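To start, the structure under review is shown below, and the notes come after it.
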Amino acid sequence: MSKDNAMNKPLVMGAVAYAPKVVTIWEGFKEYFRRHDFEFDFILYSNYEHQVEAQFNGTIDIAWNSPLAWVRADRMARARGQSVRAVAMRDTDCDLTSVLVVRNDSATGEVSALRGKTVGFGAIDSPQANLIPLDHLRAQGLVAGRDYTARRFDLLCGKHGDHIGGERDAALALMAGEIDAAWMIDGNHLAFSREGVLPAGATRIVARTGAYDHCNFTTSPGAPEEAVARFVELLLGMAWDDPSVRPLLELEGLKAWREGRTSGYALLERAVDDERFYDAKGNILVADYRY
Amino acid sequence: MTQKETSLSPIIDIENLGLDAGAHLLIKHGLARVAVGGEILVTGSAPGWEAQLAAWCRAQGHPLSFVEGKAKITRSGIHAGRWRGATQTGHADPKQHGAVHEQALPCYGLAARGATVEAGAPEYVFRLNRKQEVWADNAAELYAQAVAAQWNADQAIDWNAAFELPDEVEDAVAQVMTYMIENENAALVVPARFLGQVHPHFREVQAVLSIQVADEARHIDVFTRRLRLRGREPALSTAGGQASLKTLLDEPDFSVAGFLLSVLGEGTFVSLLNFLYAHAPDPVTRQIARLAAIDEGRHVAFGMAHLLRRLEQEPALRTRLARAVEARNDALSGTSGLNEEVFDALILLAAGEFTPGAIATGYARVQALMTDMAEGRLARLLRLGFEGKDAQRLASLHTRNFM
């Protein structure tokens, strides 16, 4: 796309407003792109489901998607004979794991000891604190409702667990003795310890999922390729030692952008099928999902 | 923790300490000892320590892999990026060469002088950001003296000392205290207003102004307590007196305001306080006057030190100072000057008794006070380098309200 065209027609990105800082972040990015003569605009959604749907009606060219939103966008595109691409992600989006945490005084030493116990999960649509953990336990022969009681800490559904309040509530319930174990992203285990939600040394990790990737920038079918390429080029050019850019990267939680990859979503794909969250066409199957 | 140096990479054993309990500090220190791109090995035994380490390394940007049960961390150079383009803000010790910058930049913000400030820190607007505008080389010493000389009014003054004054004299004391409080309000508000405008880089000046404000608050308190000691309420406040003080508050230039308030006003006030120490009719007023005079002396000393320094570098300021005195005199030409009630009260107070003989003594003492004030002003003006004739003229133009 020529510069003139870029000036006339901005690349429009969708993002989910899971917290007030989202406005600050994308306004900052918009300013950064404009400094580089690249016209960019964004539309905020209250949930990922509407955002993904907007990728198929021409509203947005690209979306900052959760891993679950990526899975849905990919399925919807394939069902339509189209394709979407994951073009960029944060360094911190790669190879996450979730951990199952018990109180240190708990006798639970391994996953099989969870039979008959109550396990805390995050929001219904959280890949990291619900879907992948459910799948992890299922693969170990433990099915929620049959072998153990799953207690879900639903908070701000539709935001795919971006709002970590569900994980925090589960951690609080664990320390209050209301549940026997709680799932959280490995990094949140450290974060909750820094916050004092989990007192130092008061908890123990008893299980850990396989590695999975988190968010990515997902192109919409038919997105302008040159503009997308320039967008990615400018993202990758954001240097952490540039003081005008560093605050944005810190807010968004990364040190550097990386090119997108889709190799880290296999665990979630399996969990989405096993937990019957979406069908193969990206239709929502789960009944008690309100967003 | 044990740390082994091998020919390959240092090994940090965090033992059973989790990263949810502080183990990251051991790892951070280990990484600090290798160059960017260098590697350390980490071993541990806390349940799930590998997951915690992976999360920590991901957030910190350090590449991580696991080899034979040990974690291998490669030190990333990304952290150094935060301090690229950082600003060094002088030194904490003002006596070191280059410690106090001629111009304190907005990006120094609230950082301690001498700190390294990250690029991109918010910019603070402090109007008084040039050393020349505010600095005095002895500010740190004056602050230390002030701290050492602070007094507690409950202990330093014998409020129960026995005395009895005629009603007329007690009324006079109340009027003089009313006047003193009004003047000390100005002496408090003027430095307080500048205090928030002085860049914190000049922390010694900030400290002097702060304690000056505290001094004045204490003076206002003790003058009020003396006023009420025998059941009196504050007396009269004249338009002329307030007009005179308002010109002090209206002065936006730090040096000019310091000249008018500290050098001329408070300097004159020191004479008044010494007068009260010598001639006040009761021991409580005398004690108060003595303590307040010591404090005011420091305020004058700071004003003089600042002006001497600035005048040495900027002789043209002398003309501005002279004009400020003239302008103030012009502005006050339509006012009556010193409150007549105050003048009369000073005579009565110095008389101590309501008799013709005592009043004659009081009158003579107030006349001597006026001479003392004028001589003090002249001496300070000469010290600041004003020529004899100019100094004489400016000393005479000083407000008749004293402050």
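Convention: chains lettered A, B, ... in structure tokens order; per-chain residue numbering from 1; ligands numbered from 1 as shown.
Excluding B:Ala136 itself and same-chain residues fewer than 2 positions from it, the residues having an atom within 9 Å of it are B:Lys131, B:Gln132, B:Val134, B:Asn138, B:Ala139, B:Ala140, B:Glu204, B:Val205, B:Phe302, B:Gly303, B:Met304, B:Ala305, B:His306, B:Leu307, B:Leu308, B:Arg309, B:Arg310, counting only C-alpha atoms.
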Go ahead and write the selection's residues with C-alpha atoms as a PDB file, in the first residue's frame.
```
ATOM      1  CA  LYS B 131      20.804  27.396  40.786  1.00  0.00           C
ATOM      2  CA  GLN B 132      21.498  31.095  40.560  1.00  0.00           C
ATOM      3  CA  VAL B 134      17.767  30.198  44.676  1.00  0.00           C
ATOM      4  CA  ASN B 138      25.796  27.905  53.267  1.00  0.00           C
ATOM      5  CA  ALA B 139      22.227  26.602  52.942  1.00  0.00           C
ATOM      6  CA  ALA B 140      23.149  23.165  54.333  1.00  0.00           C
ATOM      7  CA  GLU B 204      19.353  22.366  50.854  1.00  0.00           C
ATOM      8  CA  VAL B 205      17.336  25.444  49.850  1.00  0.00           C
ATOM      9  CA  PHE B 302      19.983  32.912  54.369  1.00  0.00           C
ATOM     10  CA  GLY B 303      18.549  35.882  52.485  1.00  0.00           C
ATOM     11  CA  MET B 304      21.873  37.712  52.706  1.00  0.00           C
ATOM     12  CA  ALA B 305      23.930  34.667  51.656  1.00  0.00           C
ATOM     13  CA  HIS B 306      21.695  34.017  48.651  1.00  0.00           C
ATOM     14  CA  LEU B 307      21.741  37.639  47.536  1.00  0.00           C
ATOM     15  CA  LEU B 308      25.508  38.050  48.000  1.00  0.00           C
ATOM     16  CA  ARG B 309      26.081  35.002  45.801  1.00  0.00           C
ATOM     17  CA  ARG B 310      23.655  36.085  43.125  1.00  0.00           C
TER      18      ARG B 310
END
```
Taking only C-alpha atoms into account, find every residue of chain B that has an atom no more than 10 Å from chain A, and write it out as a ChimeraX atom specification. /B:16-22,46-61,78-86,118-121
Stretch 330-332 of chain B: which residues within 12 Å, counting only C-alpha atoms, same-chain residues fewer than 4 positions away excluded, as a JSON list (two decimals) with C-alpha atoms, in the first residue's frame?
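Saved as selection-v9.json:
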```json
[["chain", "number", "residue", "atom", "x", "y", "z"],
["B", 239, "ALA", "CA", -5.63, 48.33, 55.98],
["B", 240, "GLY", "CA", -2.22, 49.99, 55.64],
["B", 241, "GLY", "CA", -0.43, 47.21, 57.46],
["B", 242, "GLN", "CA", -2.05, 44.56, 55.36],
["B", 243, "ALA", "CA", -1.37, 46.51, 52.15],
["B", 244, "SER", "CA", 2.30, 46.58, 53.07],
["B", 245, "LEU", "CA", 2.39, 42.82, 53.63],
["B", 246, "LYS", "CA", 0.42, 42.13, 50.46],
["B", 247, "THR", "CA", 3.20, 43.66, 48.36],
["B", 248, "LEU", "CA", 5.49, 40.98, 49.79],
["B", 250, "ASP", "CA", 2.70, 39.70, 45.31],
["B", 323, "ARG", "CA", 13.59, 49.40, 41.91],
["B", 324, "ALA", "CA", 11.64, 46.88, 43.94],
["B", 325, "VAL", "CA", 12.08, 48.99, 47.07],
["B", 326, "GLU", "CA", 11.04, 52.10, 45.16],
["B", 336, "SER", "CA", -0.73, 55.38, 56.47],
["B", 337, "GLY", "CA", 2.27, 53.17, 57.23],
["B", 338, "LEU", "CA", 2.66, 51.79, 60.70],
["B", 397, "LEU", "CA", 12.17, 54.14, 51.68],
["B", 398, "HIS", "CA", 11.51, 50.91, 53.54],
["B", 399, "THR", "CA", 7.92, 50.47, 54.60],
["B", 400, "ARG", "CA", 6.92, 52.23, 57.77],
["B", 401, "ASN", "CA", 5.12, 49.03, 58.70]]
```
Might you pull out every residue within 12 Å of B:Gly385, with only C-alpha atoms counted and same-chain residues fewer than 3 positions away left off, and present them as a PDB file with N, CA and C atoms, in the first residue's frame?
```
ATOM      1  N   MET B 304      20.626  36.991  53.019  1.00  0.00           N
ATOM      2  CA  MET B 304      21.873  37.712  52.706  1.00  0.00           C
ATOM      3  C   MET B 304      22.819  36.820  51.906  1.00  0.00           C
ATOM      4  N   LEU B 307      21.608  36.418  48.340  1.00  0.00           N
ATOM      5  CA  LEU B 307      21.741  37.639  47.536  1.00  0.00           C
ATOM      6  C   LEU B 307      23.197  37.976  47.247  1.00  0.00           C
ATOM      7  N   LEU B 308      24.081  37.765  48.229  1.00  0.00           N
ATOM      8  CA  LEU B 308      25.508  38.050  48.000  1.00  0.00           C
ATOM      9  C   LEU B 308      26.032  37.192  46.859  1.00  0.00           C
ATOM     10  N   ARG B 309      25.618  35.911  46.854  1.00  0.00           N
ATOM     11  CA  ARG B 309      26.081  35.002  45.801  1.00  0.00           C
ATOM     12  C   ARG B 309      25.541  35.437  44.439  1.00  0.00           C
ATOM     13  N   ARG B 310      24.256  35.753  44.416  1.00  0.00           N
ATOM     14  CA  ARG B 310      23.655  36.085  43.125  1.00  0.00           C
ATOM     15  C   ARG B 310      24.172  37.433  42.608  1.00  0.00           C
ATOM     16  N   LEU B 311      24.345  38.374  43.524  1.00  0.00           N
ATOM     17  CA  LEU B 311      24.822  39.701  43.099  1.00  0.00           C
ATOM     18  C   LEU B 311      26.243  39.627  42.550  1.00  0.00           C
ATOM     19  N   GLU B 312      27.021  38.713  43.095  1.00  0.00           N
ATOM     20  CA  GLU B 312      28.400  38.564  42.620  1.00  0.00           C
ATOM     21  C   GLU B 312      28.404  38.114  41.155  1.00  0.00           C
ATOM     22  N   PRO B 315      25.550  41.389  38.836  1.00  0.00           N
ATOM     23  CA  PRO B 315      25.487  42.696  39.507  1.00  0.00           C
ATOM     24  C   PRO B 315      24.261  43.519  39.111  1.00  0.00           C
ATOM     25  N   ALA B 316      23.734  43.260  37.916  1.00  0.00           N
ATOM     26  CA  ALA B 316      22.581  44.049  37.465  1.00  0.00           C
ATOM     27  C   ALA B 316      21.360  43.831  38.355  1.00  0.00           C
ATOM     28  N   LEU B 317      21.385  42.753  39.101  1.00  0.00           N
ATOM     29  CA  LEU B 317      20.262  42.476  40.008  1.00  0.00           C
ATOM     30  C   LEU B 317      20.105  43.605  41.022  1.00  0.00           C
ATOM     31  N   ARG B 318      21.246  44.267  41.340  1.00  0.00           N
ATOM     32  CA  ARG B 318      21.204  45.334  42.350  1.00  0.00           C
ATOM     33  C   ARG B 318      20.206  46.423  41.938  1.00  0.00           C
ATOM     34  N   THR B 319      20.191  46.729  40.653  1.00  0.00           N
ATOM     35  CA  THR B 319      19.261  47.750  40.154  1.00  0.00           C
ATOM     36  C   THR B 319      17.819  47.288  40.343  1.00  0.00           C
ATOM     37  N   LEU B 321      16.734  45.232  42.559  1.00  0.00           N
ATOM     38  CA  LEU B 321      16.392  45.255  43.989  1.00  0.00           C
ATOM     39  C   LEU B 321      16.016  46.676  44.411  1.00  0.00           C
ATOM     40  N   ALA B 322      16.801  47.642  43.914  1.00  0.00           N
ATOM     41  CA  ALA B 322      16.528  49.047  44.260  1.00  0.00           C
ATOM     42  C   ALA B 322      15.158  49.448  43.737  1.00  0.00           C
ATOM     43  N   LEU B 378      20.493  49.911  56.779  1.00  0.00           N
ATOM     44  CA  LEU B 378      21.585  50.548  56.041  1.00  0.00           C
ATOM     45  C   LEU B 378      22.803  49.631  56.008  1.00  0.00           C
ATOM     46  N   ALA B 379      23.120  49.035  57.152  1.00  0.00           N
ATOM     47  CA  ALA B 379      24.294  48.159  57.225  1.00  0.00           C
ATOM     48  C   ALA B 379      24.142  46.980  56.265  1.00  0.00           C
ATOM     49  N   ARG B 380      22.957  46.410  56.211  1.00  0.00           N
ATOM     50  CA  ARG B 380      22.762  45.254  55.325  1.00  0.00           C
ATOM     51  C   ARG B 380      22.813  45.682  53.863  1.00  0.00           C
ATOM     52  N   LEU B 381      22.272  46.845  53.550  1.00  0.00           N
ATOM     53  CA  LEU B 381      22.311  47.329  52.168  1.00  0.00           C
ATOM     54  C   LEU B 381      23.749  47.598  51.734  1.00  0.00           C
ATOM     55  N   LEU B 382      24.529  48.152  52.633  1.00  0.00           N
ATOM     56  CA  LEU B 382      25.942  48.395  52.317  1.00  0.00           C
ATOM     57  C   LEU B 382      26.664  47.072  52.097  1.00  0.00           C
ATOM     58  N   GLY B 388      26.880  54.165  49.257  1.00  0.00           N
ATOM     59  CA  GLY B 388      26.424  54.825  50.473  1.00  0.00           C
ATOM     60  C   GLY B 388      25.155  55.642  50.324  1.00  0.00           C
ATOM     61  N   LYS B 389      25.127  56.512  49.269  1.00  0.00           N
ATOM     62  CA  LYS B 389      23.968  57.386  49.115  1.00  0.00           C
ATOM     63  C   LYS B 389      22.711  56.589  48.768  1.00  0.00           C
ATOM     64  N   ASP B 390      22.901  55.630  47.827  1.00  0.00           N
ATOM     65  CA  ASP B 390      21.765  54.776  47.435  1.00  0.00           C
ATOM     66  C   ASP B 390      21.255  53.982  48.631  1.00  0.00           C
ATOM     67  N   ALA B 391      22.214  53.432  49.367  1.00  0.00           N
ATOM     68  CA  ALA B 391      21.837  52.609  50.519  1.00  0.00           C
ATOM     69  C   ALA B 391      21.021  53.439  51.501  1.00  0.00           C
TER      70      ALA B 391
END
```
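Proximity of A:Val12, A:Leu236, A:Ala170, A:Met175 to A:Pro224, computed with only C-alpha atoms, is greatest for A:Val12.
Counting only C-alpha atoms, the residue from A:His214, A:His50, A:Arg261, A:Arg85 that sits nearest to A:Tyr291 is A:His50.
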If you count only C-alpha atoms, which residues fall within 10 Å of B:Ser65, apart from same-chain ones fewer than 3 positions away, as a PyMOL selection string? chain B and resi 41+54+70-74
Determine, counting only C-alpha atoms, which protein, DNA and RNA residues have an atom within 10 Å of an atom of A:Val22; residues of the same chain fewer than 5 positions away are not included. Present the result as a count of residues only. 8
Quick one: DSSP alpha helix (DSSP H) residues in stretch 156-289 of chain A, as a ChimeraX atom specification? /A:165-175,186-195,225-236,246-252,266-274
Env of B:Glu39: 9 Å cut, atoms = only C-alpha atoms, seq-sep filter 4 positions within chain, self excluded. Answer as a VMD selection string. chain B and resid 8 to 10 31 34 to 35 72 to 75
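Per DSSP on the backbone, strand (DSSP E) in stretch 25-145 of chain B comprises Glu39, Ile40, Leu41, Val42, Thr43, Leu64, Ser65, Phe66, Val67, Lys70, Ala71, Lys72, Ile73, Thr74, Thr87, Gln88, Thr116 and Val117 of chain B.
In this comparison, which uses only C-alpha atoms, the residue of B:Pro200, B:Gly30, B:Gly98, B:Pro191 approaching B:Val125 most closely is B:Pro200.
Between atom CA of A:Ala171 and atom CA of A:Val197 the separation is 7.1 Å.
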